[in-house]
Structure formats: structure tokens, C-alpha cells
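Okay, start_32.cif is below, mmCIF, C-alpha atoms:
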data_final
#
loop_
_atom_site.label_atom_id
_atom_site.label_comp_id
_atom_site.auth_asym_id
_atom_site.auth_seq_id
_atom_site.Cartn_x
_atom_site.Cartn_y
_atom_site.Cartn_z
CA MET A 12 18.57 -8.33 19.49
CA ARG A 13 15.88 -10.34 21.26
CA GLN A 14 14.43 -13.04 19.08
CA ARG A 15 10.64 -12.94 18.72
CA THR A 16 8.60 -16.12 18.70
CA VAL A 17 6.49 -14.79 15.82
CA ALA A 18 7.63 -11.93 13.58
CA PRO A 19 5.18 -8.98 13.38
CA VAL A 20 4.70 -9.41 9.64
CA VAL A 21 3.94 -13.12 10.08
CA ALA A 22 1.43 -12.39 12.84
CA ALA A 23 -0.30 -9.77 10.67
CA ARG A 24 -0.46 -12.08 7.67
CA TRP A 25 -1.89 -14.90 9.77
CA ALA A 26 -4.49 -12.53 11.25
CA LEU A 27 -5.49 -11.23 7.81
CA TRP A 28 -5.73 -14.61 6.11
CA THR A 29 -7.51 -16.14 9.10
CA PHE A 30 -10.10 -13.37 8.79
CA VAL A 31 -10.51 -14.13 5.08
CA ILE A 32 -10.75 -17.90 5.54
CA VAL A 33 -13.25 -17.63 8.41
CA ASN A 34 -15.49 -15.40 6.30
CA LEU A 35 -15.22 -17.72 3.30
CA VAL A 36 -16.28 -20.63 5.51
CA ILE A 37 -19.26 -18.63 6.79
CA VAL A 38 -20.27 -17.76 3.22
CA GLU A 39 -20.01 -21.42 2.19
CA VAL A 40 -22.29 -22.40 5.08
CA LEU A 41 -24.80 -19.68 4.20
CA PHE A 42 -24.73 -20.78 0.57
CA LEU A 43 -25.35 -24.43 1.44
CA THR A 44 -28.15 -23.68 3.90
CA ALA A 45 -29.98 -21.04 1.85
CA GLY A 46 -31.31 -23.50 -0.69
CA THR A 47 -30.74 -23.83 -4.42
CA GLY A 48 -31.60 -21.39 -7.17
CA LYS A 49 -34.34 -21.78 -9.77
CA ASN A 50 -32.04 -24.05 -11.74
CA GLY A 51 -28.51 -25.41 -11.51
CA VAL A 52 -26.92 -22.55 -13.47
CA LEU A 53 -28.49 -19.92 -11.22
CA THR A 54 -27.32 -21.83 -8.16
CA VAL A 55 -23.72 -21.65 -9.42
CA ALA A 56 -24.26 -17.98 -10.29
CA LYS A 57 -25.31 -17.30 -6.70
CA PHE A 58 -22.15 -19.07 -5.51
CA PHE A 59 -19.95 -16.70 -7.53
CA GLY A 60 -22.02 -13.67 -6.51
CA LEU A 61 -21.53 -14.36 -2.81
CA HIS A 62 -17.79 -14.74 -3.26
CA ALA A 63 -17.64 -11.54 -5.31
CA ALA A 64 -19.18 -9.72 -2.34
CA VAL A 65 -16.52 -11.11 0.01
CA LEU A 66 -13.76 -10.09 -2.43
CA MET A 67 -15.15 -6.55 -2.58
CA LEU A 68 -15.08 -6.25 1.19
CA PHE A 69 -11.57 -7.71 1.34
CA GLN A 70 -10.53 -5.05 -1.18
CA LEU A 71 -11.78 -2.36 1.18
CA LEU A 72 -9.72 -3.72 4.07
CA LEU A 73 -6.56 -3.83 1.95
CA VAL A 74 -6.80 -0.12 1.09
CA ALA A 75 -8.23 1.11 4.41
CA ARG A 76 -4.67 1.87 5.63
CA LEU A 77 -5.37 0.35 9.03
CA PRO A 78 -2.31 1.18 11.17
CA TRP A 79 -1.93 -2.28 12.69
CA LEU A 80 -1.73 -3.94 9.27
CA ASP A 81 0.22 -1.18 7.56
CA ARG A 82 3.03 -1.08 10.13
CA ARG A 83 3.50 -4.84 9.95
CA ILE A 84 2.89 -5.67 6.30
CA GLY A 85 3.49 -2.34 4.56
CA MET A 86 1.37 -0.35 2.13
CA ASP A 87 3.40 -1.55 -0.86
CA ARG A 88 2.59 -5.21 -0.24
CA LEU A 89 -1.02 -4.48 0.69
CA THR A 90 -1.33 -2.59 -2.61
CA VAL A 91 0.03 -5.56 -4.56
CA TRP A 92 -2.49 -7.86 -2.86
CA HIS A 93 -5.21 -5.30 -3.61
CA ARG A 94 -4.26 -5.40 -7.29
CA TRP A 95 -4.39 -9.19 -7.53
CA ALA A 96 -7.60 -9.37 -5.53
CA GLY A 97 -9.03 -6.77 -7.91
CA PHE A 98 -8.41 -8.85 -11.01
CA THR A 99 -9.77 -11.93 -9.22
CA LEU A 100 -12.86 -9.88 -8.40
CA LEU A 101 -13.21 -8.89 -12.06
CA TRP A 102 -13.35 -12.47 -13.29
CA THR A 103 -15.61 -13.53 -10.42
CA ILE A 104 -18.11 -10.77 -11.24
CA LEU A 105 -18.03 -11.52 -14.98
CA THR A 106 -18.58 -15.20 -14.29
CA HIS A 107 -21.50 -14.38 -11.99
CA ALA A 108 -23.06 -12.05 -14.57
CA VAL A 109 -22.75 -14.48 -17.48
CA LEU A 110 -24.19 -17.34 -15.43
CA VAL A 111 -27.15 -15.21 -14.28
CA VAL A 112 -28.04 -14.33 -17.87
CA LEU A 113 -27.51 -17.92 -19.01
CA GLY A 114 -29.55 -19.31 -16.12
CA TYR A 115 -32.57 -17.08 -16.79
CA ALA A 116 -32.27 -17.65 -20.54
CA ARG A 117 -32.62 -21.38 -19.94
CA LEU A 118 -35.42 -20.83 -17.44
CA ASP A 119 -37.44 -18.73 -19.89
CA ASP A 120 -36.27 -20.58 -23.00
CA ALA A 121 -35.11 -17.28 -24.49
CA SER A 122 -31.93 -15.98 -26.08
CA MET A 123 -29.21 -14.52 -23.88
CA THR A 124 -29.53 -11.15 -25.61
CA LYS A 125 -33.27 -10.94 -24.91
CA THR A 126 -32.72 -12.14 -21.36
CA PHE A 127 -29.99 -9.55 -20.78
CA PHE A 128 -32.27 -6.66 -21.73
CA ALA A 129 -35.12 -8.13 -19.72
CA LEU A 130 -32.92 -8.29 -16.63
CA ALA A 131 -31.78 -4.71 -17.27
CA GLY A 132 -35.38 -3.68 -16.64
CA VAL A 133 -35.26 -5.11 -13.12
CA PRO A 134 -33.83 -2.55 -10.61
CA ALA A 135 -31.82 -5.09 -8.61
CA SER A 136 -30.26 -6.58 -11.73
CA LEU A 137 -29.62 -3.18 -13.32
CA LEU A 138 -27.68 -2.01 -10.25
CA GLY A 139 -25.56 -5.15 -10.41
CA MET A 140 -24.89 -4.58 -14.12
CA CYS A 141 -23.79 -1.00 -13.48
CA ALA A 142 -21.46 -2.12 -10.70
CA ALA A 143 -19.98 -4.77 -12.99
CA MET A 144 -19.43 -2.26 -15.81
CA ILE A 145 -17.56 0.07 -13.47
CA VAL A 146 -15.32 -2.78 -12.28
CA VAL A 147 -14.53 -3.67 -15.90
CA VAL A 148 -13.60 -0.07 -16.74
CA VAL A 149 -11.38 0.29 -13.68
CA ALA A 150 -9.69 -3.04 -14.39
CA ALA A 151 -9.03 -1.95 -17.98
CA VAL A 152 -7.28 1.27 -16.94
CA SER A 153 -5.37 -0.63 -14.23
CA ALA A 154 -3.76 -3.01 -16.73
CA ARG A 155 -0.02 -2.31 -16.71
CA TYR A 156 0.14 -1.30 -20.39
CA VAL A 157 -2.62 1.30 -19.94
CA ARG A 158 -1.65 2.39 -16.41
CA ARG A 159 1.88 3.36 -17.45
CA ARG A 160 0.50 5.72 -20.07
CA LEU A 161 -1.94 7.53 -17.81
CA ARG A 162 -1.28 10.38 -15.45
CA TYR A 163 -1.65 9.27 -11.84
CA GLU A 164 -4.42 11.85 -11.31
CA THR A 165 -6.41 10.43 -14.26
CA TRP A 166 -5.99 6.84 -13.11
CA HIS A 167 -6.87 7.78 -9.54
CA GLY A 168 -9.99 9.66 -10.60
CA VAL A 169 -11.26 6.64 -12.57
CA HIS A 170 -10.30 4.33 -9.70
CA LEU A 171 -12.52 6.31 -7.32
CA LEU A 172 -15.51 5.04 -9.30
CA LEU A 173 -15.00 1.75 -7.47
CA TYR A 174 -16.61 3.30 -4.41
CA LEU A 175 -19.71 3.93 -6.50
CA ALA A 176 -19.54 0.32 -7.69
CA LEU A 177 -19.37 -0.87 -4.10
CA GLY A 178 -22.45 1.14 -3.20
CA LEU A 179 -24.36 -0.22 -6.19
CA ALA A 180 -23.24 -3.76 -5.37
CA PHE A 181 -24.43 -3.36 -1.77
CA VAL A 182 -27.90 -2.25 -2.84
CA HIS A 183 -27.94 -5.02 -5.48
CA GLN A 184 -27.21 -7.59 -2.80
CA LEU A 185 -29.70 -5.98 -0.41
CA LEU A 186 -32.49 -6.29 -2.98
CA GLU A 187 -31.61 -9.89 -3.82
CA THR A 188 -33.41 -11.45 -0.86
CA THR A 189 -32.10 -14.94 -1.62
CA THR A 190 -28.53 -13.83 -0.95
CA PHE A 191 -28.86 -11.14 1.70
CA SER A 192 -31.86 -11.95 3.89
CA SER A 193 -32.51 -15.63 3.38
CA SER A 194 -32.37 -15.98 7.17
CA VAL A 195 -31.79 -13.89 10.28
CA PRO A 196 -28.18 -15.14 10.68
CA ALA A 197 -27.48 -14.36 7.01
CA LYS A 198 -28.90 -10.86 7.29
CA THR A 199 -26.97 -10.21 10.53
CA TYR A 200 -23.73 -11.50 9.03
CA TRP A 201 -23.89 -9.47 5.82
CA TRP A 202 -24.86 -6.24 7.58
CA ALA A 203 -22.03 -6.70 10.08
CA LEU A 204 -19.47 -7.45 7.35
CA TRP A 205 -20.43 -4.51 5.14
CA LEU A 206 -20.51 -2.11 8.10
CA PHE A 207 -17.14 -3.35 9.32
CA ALA A 208 -15.47 -3.00 5.90
CA PHE A 209 -16.94 0.44 5.15
CA GLY A 210 -16.26 1.56 8.72
CA ALA A 211 -12.60 0.53 8.43
CA LEU A 212 -12.28 2.42 5.14
CA VAL A 213 -13.92 5.59 6.43
CA ALA A 214 -11.91 5.49 9.66
CA GLY A 215 -8.55 4.87 7.99
CA ARG A 216 -8.88 7.05 4.91
CA ILE A 217 -11.04 9.95 6.13
CA VAL A 218 -11.60 10.22 9.89
CA MET A 219 -8.05 9.55 11.09
CA PRO A 220 -6.27 11.90 8.62
CA LEU A 221 -8.76 14.70 9.30
CA TRP A 222 -8.49 14.26 13.07
CA ARG A 223 -4.70 14.17 13.05
CA ASN A 224 -4.40 17.30 10.94
CA ALA A 225 -6.91 19.16 13.07
CA HIS A 226 -5.09 18.04 16.22
CA HIS A 227 -1.48 18.59 15.13
CA ARG A 228 -1.94 21.63 12.83
CA PHE A 229 1.04 20.88 10.62
CA GLN A 230 2.87 23.79 9.03
CA VAL A 231 6.13 24.43 7.19
CA ALA A 232 8.88 25.51 9.57
CA GLU A 233 11.89 25.59 7.22
CA VAL A 234 12.86 24.84 3.62
CA VAL A 235 16.49 23.84 2.99
CA GLN A 236 18.07 23.56 -0.46
CA GLU A 237 20.26 20.45 -0.13
CA SER A 238 21.57 20.62 -3.74
CA ASP A 239 20.54 21.93 -7.14
CA ASP A 240 17.69 19.45 -7.41
CA VAL A 241 17.10 18.28 -3.83
CA VAL A 242 15.19 20.10 -1.11
CA SER A 243 14.32 19.30 2.51
CA VAL A 244 11.12 20.56 4.09
CA HIS A 245 10.85 20.74 7.89
CA VAL A 246 7.27 20.53 9.17
CA THR A 247 6.25 21.34 12.72
CA GLY A 248 2.97 21.18 14.62
CA ARG A 249 1.33 20.70 17.99
CA HIS A 250 1.89 17.61 20.15
CA LEU A 251 4.08 15.86 17.57
CA ASP A 252 5.41 13.66 20.36
CA ARG A 253 2.00 11.93 20.23
CA LEU A 254 2.17 11.24 16.49
CA PRO A 255 2.94 7.49 16.12
CA ALA A 256 5.74 7.99 13.59
CA ARG A 257 8.90 5.91 13.35
CA ALA A 258 12.14 6.20 11.42
CA GLY A 259 11.82 4.53 8.03
CA GLN A 260 8.15 5.41 7.53
CA PHE A 261 6.68 7.78 4.97
CA CYS A 262 3.77 10.19 4.83
CA ILE A 263 1.55 11.40 2.03
CA TRP A 264 2.07 15.15 1.82
CA ARG A 265 -0.16 17.92 0.54
CA PHE A 266 0.67 21.59 0.73
CA PRO A 267 -2.49 23.68 0.16
CA GLY A 268 -1.73 26.58 -2.13
CA HIS A 269 1.28 24.78 -3.62
CA ASN A 270 -0.75 22.30 -5.67
CA HIS A 271 -4.34 21.25 -6.21
CA TRP A 272 -5.80 19.38 -3.23
CA TRP A 273 -5.95 16.08 -5.15
CA LEU A 274 -2.18 16.15 -5.87
CA ALA A 275 -0.26 14.31 -3.17
CA ASN A 276 3.21 12.81 -2.93
CA PRO A 277 4.56 9.99 -0.76
CA PHE A 278 7.87 11.12 0.78
CA SER A 279 9.82 9.28 3.46
CA LEU A 280 10.79 10.91 6.71
CA SER A 281 14.45 11.74 6.14
CA ALA A 282 15.12 12.17 9.87
CA ALA A 283 13.90 10.16 12.81
CA PRO A 284 10.84 11.86 14.41
CA ASP A 285 11.94 13.80 17.49
CA GLY A 286 8.55 14.92 18.76
CA ARG A 287 9.07 18.49 17.50
CA THR A 288 9.48 18.36 13.71
CA LEU A 289 9.10 16.05 10.72
CA ARG A 290 11.46 16.28 7.77
CA LEU A 291 11.01 15.16 4.19
CA THR A 292 13.71 15.32 1.53
CA ALA A 293 12.70 15.19 -2.12
CA LYS A 294 14.42 15.21 -5.49
CA ALA A 295 12.91 17.34 -8.24
CA VAL A 296 11.50 14.72 -10.60
CA GLY A 297 8.23 16.51 -11.38
CA SER A 298 6.48 19.84 -11.01
CA ALA A 299 5.13 18.93 -7.56
CA SER A 300 8.46 17.96 -5.99
CA ALA A 301 10.39 20.68 -7.87
CA GLY A 302 8.07 23.33 -6.49
CA LEU A 303 8.72 22.40 -2.86
CA ARG A 304 11.67 24.79 -2.75
CA HIS A 305 9.21 27.66 -3.10
CA LEU A 306 7.05 26.71 -0.12
CA PRO A 307 6.64 29.72 2.17
CA VAL A 308 7.57 29.22 5.81
CA GLY A 309 4.45 29.16 7.93
CA SER A 310 2.21 27.70 5.22
CA ARG A 311 -0.10 24.84 6.12
CA ALA A 312 0.66 21.19 5.40
CA PHE A 313 -1.81 18.34 5.21
CA VAL A 314 -0.15 15.09 6.25
CA GLU A 315 -1.54 11.56 5.91
CA GLY A 316 0.24 8.84 7.79
CA PRO A 317 2.74 7.84 8.89
CA TYR A 318 2.69 4.65 6.85
CA GLY A 319 5.02 1.78 6.08
CA ALA A 320 6.65 -1.28 7.59
CA PHE A 321 10.23 -0.24 6.77
CA THR A 322 11.10 0.18 10.44
CA SER A 323 13.14 -1.34 13.25
CA LEU A 324 9.97 -3.11 14.44
CA HIS A 325 11.04 -5.98 12.18
CA ARG A 326 14.64 -6.28 13.41
CA THR A 327 15.74 -9.85 14.19
CA ARG A 328 19.56 -9.52 14.35
CA PRO A 329 22.06 -7.32 16.21
CA GLY A 330 23.82 -6.34 12.97
CA ALA A 331 22.27 -4.40 10.09
CA LEU A 332 23.09 -3.84 6.42
CA LEU A 333 21.37 -0.75 5.00
CA ILE A 334 21.34 -0.49 1.19
CA ALA A 335 20.17 2.70 -0.51
CA GLY A 336 20.02 3.94 -4.06
CA GLY A 337 19.64 7.63 -4.95
CA VAL A 338 17.00 9.43 -2.93
CA GLY A 339 16.16 6.07 -1.33
CA ILE A 340 18.76 7.13 1.23
CA THR A 341 16.12 9.19 3.07
CA PRO A 342 14.50 6.39 5.12
CA ILE A 343 17.92 4.75 5.55
CA ARG A 344 19.30 7.99 6.99
CA ALA A 345 16.36 8.13 9.42
CA LEU A 346 16.89 4.51 10.46
CA LEU A 347 20.52 5.28 11.27
CA GLU A 348 19.35 7.57 14.06
CA GLU A 349 17.63 4.61 15.71
CA GLU A 350 20.58 2.26 15.16
CA PRO A 351 22.46 1.29 18.31
CA ALA A 352 26.20 1.87 18.29
CA GLY A 353 28.25 -0.68 16.45
CA ASP A 354 27.48 -3.28 13.87
CA VAL A 355 25.99 -1.34 10.96
CA VAL A 356 27.09 -1.23 7.31
CA VAL A 357 25.66 1.22 4.77
CA LEU A 358 25.91 0.78 1.00
CA TYR A 359 24.92 3.95 -0.83
CA ARG A 360 24.62 3.62 -4.63
CA VAL A 361 24.79 6.81 -6.73
CA ARG A 362 26.10 7.81 -10.14
CA ASN A 363 28.66 10.16 -8.66
CA GLU A 364 29.39 11.84 -5.34
CA ASN A 365 27.52 14.98 -6.37
CA ASP A 366 24.33 12.89 -6.50
CA ALA A 367 24.82 11.55 -2.98
CA VAL A 368 21.94 13.26 -1.16
CA LEU A 369 22.53 13.84 2.57
CA VAL A 370 25.84 11.99 2.37
CA ASP A 371 27.52 14.19 4.99
CA GLU A 372 24.74 13.47 7.48
CA VAL A 373 24.90 9.76 6.70
CA ARG A 374 28.68 9.72 7.07
CA ALA A 375 28.47 11.47 10.45
CA LEU A 376 25.78 9.10 11.75
CA VAL A 377 27.70 6.02 10.61
CA ALA A 378 30.93 7.30 12.16
CA ALA A 379 29.18 8.08 15.45
CA ARG A 380 28.00 4.47 15.61
CA GLY A 381 31.33 2.95 14.63
CA GLY A 382 29.89 1.53 11.43
CA GLN A 383 31.02 1.43 7.81
CA LEU A 384 29.85 3.46 4.82
CA HIS A 385 30.56 2.34 1.25
CA LEU A 386 29.73 4.99 -1.34
CA LEU A 387 29.25 3.04 -4.57
CA THR A 388 29.57 5.35 -7.57
CA GLY A 389 29.46 4.83 -11.32
CA ARG A 390 26.95 3.52 -13.84
CA THR A 391 26.09 -0.17 -13.91
CA ALA A 392 26.64 -0.19 -17.68
CA GLU A 393 30.25 0.90 -17.16
CA GLY A 394 31.26 -2.23 -15.28
CA THR A 395 30.20 -4.93 -12.89
CA SER A 396 27.27 -4.08 -10.64
CA PRO A 397 28.21 -3.85 -6.95
CA PHE A 398 25.04 -5.80 -6.22
CA GLU A 399 26.02 -8.97 -8.04
CA PRO A 400 26.50 -11.89 -5.64
CA ASP A 401 30.31 -11.96 -5.75
CA SER A 402 30.61 -8.19 -5.38
CA LEU A 403 28.16 -7.97 -2.51
CA ARG A 404 29.79 -10.91 -0.73
CA VAL A 405 33.16 -9.11 -0.82
CA LEU A 406 31.66 -5.90 0.57
CA VAL A 407 29.70 -7.58 3.38
CA PRO A 408 30.87 -11.17 3.96
CA ASP A 409 28.55 -11.71 6.94
CA MET A 410 25.35 -10.32 5.40
CA ALA A 411 23.49 -13.57 6.14
CA GLU A 412 23.90 -12.73 9.84
CA ARG A 413 22.39 -9.26 9.48
CA ASP A 414 19.03 -7.65 8.92
CA VAL A 415 19.10 -6.12 5.44
CA TYR A 416 17.11 -2.98 4.60
CA VAL A 417 16.84 -2.03 0.92
CA CYS A 418 15.36 1.16 -0.53
CA GLY A 419 16.00 2.59 -3.97
CA PRO A 420 14.82 2.64 -7.59
CA PRO A 421 12.75 -0.42 -8.60
CA ALA A 422 15.46 -1.92 -10.82
CA MET A 423 18.11 -1.63 -8.12
CA THR A 424 15.81 -2.97 -5.43
CA SER A 425 14.89 -5.98 -7.56
CA ALA A 426 18.57 -6.67 -8.33
CA VAL A 427 19.52 -6.53 -4.64
CA LEU A 428 16.63 -8.75 -3.57
CA SER A 429 17.57 -11.29 -6.25
CA THR A 430 21.17 -11.32 -5.03
CA LEU A 431 20.12 -11.73 -1.40
CA CYS A 432 18.01 -14.71 -2.44
CA THR A 433 20.97 -16.20 -4.31
CA LEU A 434 23.18 -15.72 -1.25
CA LYS A 435 20.49 -17.42 0.88
CA VAL A 436 19.86 -14.52 3.24
CA PRO A 437 16.72 -15.60 5.17
CA ASP A 438 13.55 -13.84 4.02
CA ARG A 439 12.68 -12.79 7.59
CA GLN A 440 15.88 -10.70 7.67
CA VAL A 441 15.19 -8.85 4.39
CA HIS A 442 13.14 -5.65 4.49
CA SER A 443 12.39 -3.52 1.44
CA GLU A 444 10.18 -0.61 0.50
CA ARG A 445 8.70 0.10 -2.92
CA PHE A 446 7.09 3.51 -3.22
CA GLY A 447 3.93 4.34 -5.12
CA LEU A 448 0.30 5.15 -4.42
CA ALA A 449 -1.05 3.16 -7.37
#

As C-alpha cells, how would this structure be written, given the file I've shared?
Amino acid sequence: MRQRTVAPVVAARWALWTFVIVNLVIVEVLFLTAGTGKNGVLTVAKFFGLHAAVLMLFQLLLVARLPWLDRRIGMDRLTVWHRWAGFTLLWTILTHAVLVVLGYARLDDASMTKTFFALAGVPASLLGMCAAMIVVVVAAVSARYVRRRLRYETWHGVHLLLYLALGLAFVHQLLETTTFSSSVPAKTYWWALWLFAFGALVAGRIVMPLWRNAHHRFQVAEVVQESDDVVSVHVTGRHLDRLPARAGQFCIWRFPGHNHWWLANPFSLSAAPDGRTLRLTAKAVGSASAGLRHLPVGSRAFVEGPYGAFTSLHRTRPGALLIAGGVGITPIRALLEEEPAGDVVVLYRVRNENDAVLVDEVRALVAARGGQLHLLTGRTAEGTSPFEPDSLRVLVPDMAERDVYVCGPPAMTSAVLSTLCTLKVPDRQVHSERFGLA
């Protein structure tokens, strides 16, 4: 395997953070050159308001699903960054709002309550207050304790209000001439930044999916019952050889007529794209995935993606260790089709052999490449976990010389990643995927 000077994920992270830092520097310059506020408190409030605007636009980029970033960093990590940036945005906005009220209260020698209601009568301030309230509500339902108790559809519907908040915040900033149009360079910069962020979001989340589905015309070609609770769906379409899909990636699937349009599921490609069909394999864990077995052949499919950085793009070593748990075998099975002959080891963790989805296909692919397959059965509670350091070292003594791909349930993935860290496997050789749209 040819060594790269800079790994793709490192290059993407440097590009993203350079973009953020450059914009923060520009905002600092604009803040320092635009003059002070009516008093010291309002000057500090303006400082936080400007940075809240930058955080909002950064949030848009993180969820725009831009292919260049997604294939190098991965949607799972971008989503985590989006979450942390969101809570940072919350406290930045609240600080800005409190300081604005406090600053005007001191300026007018009035109480904060009276000042708050006076500001609510000013259109620019009222729009900012509404945007802030929406951000607070969304942050509240995004707290882990609350989020785990909400249906995804409910959480997602509330989360969509953030787009309204962004629109209100834009108009709020537009009307605040001291922050948006204090100078020609300031006005040019803010218009360019807002247009770029909204343009990226619209292109990645709306235009590209609609264009791809209109161009490829995806439809169900075959439905295969793999076991009592596992089904594979084969999807075909026009010009699939031009779809930039790779083994290890996933798509967000909708099947009109099978579920409501707002219900979507992220499923990995369980076979390497061959330019003719795409295949997903799903376990029945809910009404949406359980109902896939009843999809009629010839019905339409709406496909978003492909997404994900769980691909061979990030390979650094000739040898590979592929670790899967349960239905997490699907992207691993697809990756095996891209694996060159030879040095590959697969660890497949299941409760028992009957739960080993696609195991015959995996066994055949591993054998064809002269690799090794270890089917690890049993419950962790019944004995020592195969992913403890000593156990994993016995199974794969040279894992530190391999690229390691891990996909499975969150608890298993976390346990494996912890063990790899203990065994000092370099981070650049470890690749994992954590599913979830939220």
C-alpha cells in the first residue's frame, strides 16, 4: 500500500479548521474596526453576536453533507461536531442576549425586565429574540436525556425549526447596521458568507439528492429473505456506473408507498457497487426495516447519498483487520470485494451462528482472497470478551501492522476502539463507523 504524505481525513480536517480560523480572524478584524457600542457592555454583546453568526454558518456546513468532507471525515464525526458546536452556539447566543438587555438597561437606567419588553417592541431585536428562543427549544430536546425518550421523527421535526431560526437571525443581523453594514468590506463579507453557507446546504441536502434521483431513477429490482429477520433489497437504476459510490458507504433510503416520505433509514451497501445494482441488507428492528420484505419489485426508491468515510480511501497498510458485530457485517462484506488477495483477517461477532448475517458470502470472499475468518459466538456475559486486549492479541498478533475497520453496535465498537488504543494501534490505521441520523 502506497504511503500518503497527508491522510485524506487529516487534509479535510485541516481544510475545515483553516476555513473556520480564517473567518474568525476576519470577524475579529471587522469587530475591532467597526467601532465600539454605546457602552462597554453593548460592545461585548456585539462581540458575542458576531461569533454566534459565525457558529450558525459553521453549523450549516457541518450538516450540508458536502461530498468532499463527508468521504474524508464521515457523517458520524461531522454530526458529533455539529452537536458540540450547537451547544456552544446556545451559550454564545444566551450570553449575547443577556448582555444586550443589560447594556441597554444601564444606558437607559431602567430595570432589565422593562428593557427586555422595550427591546421586544423593536423589529430587529424581536427577530433576534425569536431566533434565540428556537435555539433554546432545540437544544433542550437535543439533550441526551430528552433525546433518548423522543421518537426520531419528533426530534427531527423540532430540529427543522433551526432553519427558521437561521432565517430570523439573518434578518436580525441585516437590520443591525452596526454589525452587518458598518462598511463596504463588512457588508460584502457577511453577504458572501451567508450565501456560501446557505448555498452549500441547499446544494448538498436538496439539489444533489433530487438531481441524482431524477437522473438515476432508482427502483426495487429484487427482495431476498436472508433469514427470519433479515432481508436484502436490490435496487437498480439508470447510469449507476456514474454514481460515486464505494464499498463501505451507506445511503439514506426511502421507499414511497412503503412509509411516509419523512421516514428514512440509513443502511450500508452490503455489496460493492458494480455499476448495475445497489444492495442493502437490513435486520428487522422496527416497523420500517421489518416492512422491507414486502416491497414490491418495480417500486420506486428515493436514495440519498452515498455517504460515509468507511472506505478503502483511508487505507495505509497492505494488511487489513475487519471487525464486525451483528448486522455491522454489511459494510465489511462490501469492503471484502475491494480487498486485494491475501492479508485480510475478519472477526465476526454474533450471539450464535444463526445470527451470522451473510456469513456464507463472507466466508467465500475471505477464502477467495486467502484470508482468515473468525466467527466469534456467545454472549459477553458468559465469559471473557474476545475484544479484551489479551484475547484480541491472540487472534491477531500483528494488528498494529494492519488497517483496522470496525463496525457494529455502539457498545462493541467502543470496546474494540478502547482495546486498540490499549494495544497502541496508531489512530491513522483505525477506521470506524457509528450509524445514526441524529

Per-residue nearest contacts range 79-104 of chain A to range 108-122 of chain A, cut-off 10 Å, using only C-alpha atoms, as JSON lines:
{"residue": "A:Trp102", "atom": "CA", "partner": "A:Ala108", "partner_atom": "CA", "distance": 9.8}
{"residue": "A:Thr103", "atom": "CA", "partner": "A:Ala108", "partner_atom": "CA", "distance": 8.7}
{"residue": "A:Ile104", "atom": "CA", "partner": "A:Ala108", "partner_atom": "CA", "distance": 6.1}

### All residues 9 Å or closer to Val74 in chain A, all atoms listed in the file, same chain fewer than 3 positions away omitted, as a PyMOL selection string
chain A and resi 69-71+77+86+89-90+93+212+215-216

### Spatial neighbours of Thr292 in chain A, 12 Å, only C-alpha atoms, chain gap at least 4 places, as a PyMOL selection string
chain A and resi 233-238+240-246+261-262+264+276-282+300-301+303-304+337-342+344-345+368-369

#### Entry: Best match for closeness to Leu35 in chain A among A:Leu68, A:Leu428, A:Leu177, A:Val52, counting all atoms listed in the file
A:Leu68

Put a box with edges along x, y and z around all the listed atoms of range 256-262 of chain A, pad it by 4 Å on each side, then give me its centre and sizes in Å, one decimal, as JSON.
{"center_x": 8.0, "center_y": 7.4, "center_z": 9.2, "size_x": 16.4, "size_y": 13.7, "size_z": 16.8}

### Message
Report, in Å to a single decimal, how far apart CA of Thr388 in chain A and CA of Arg360 in chain A are.
### Response
6.0 Å
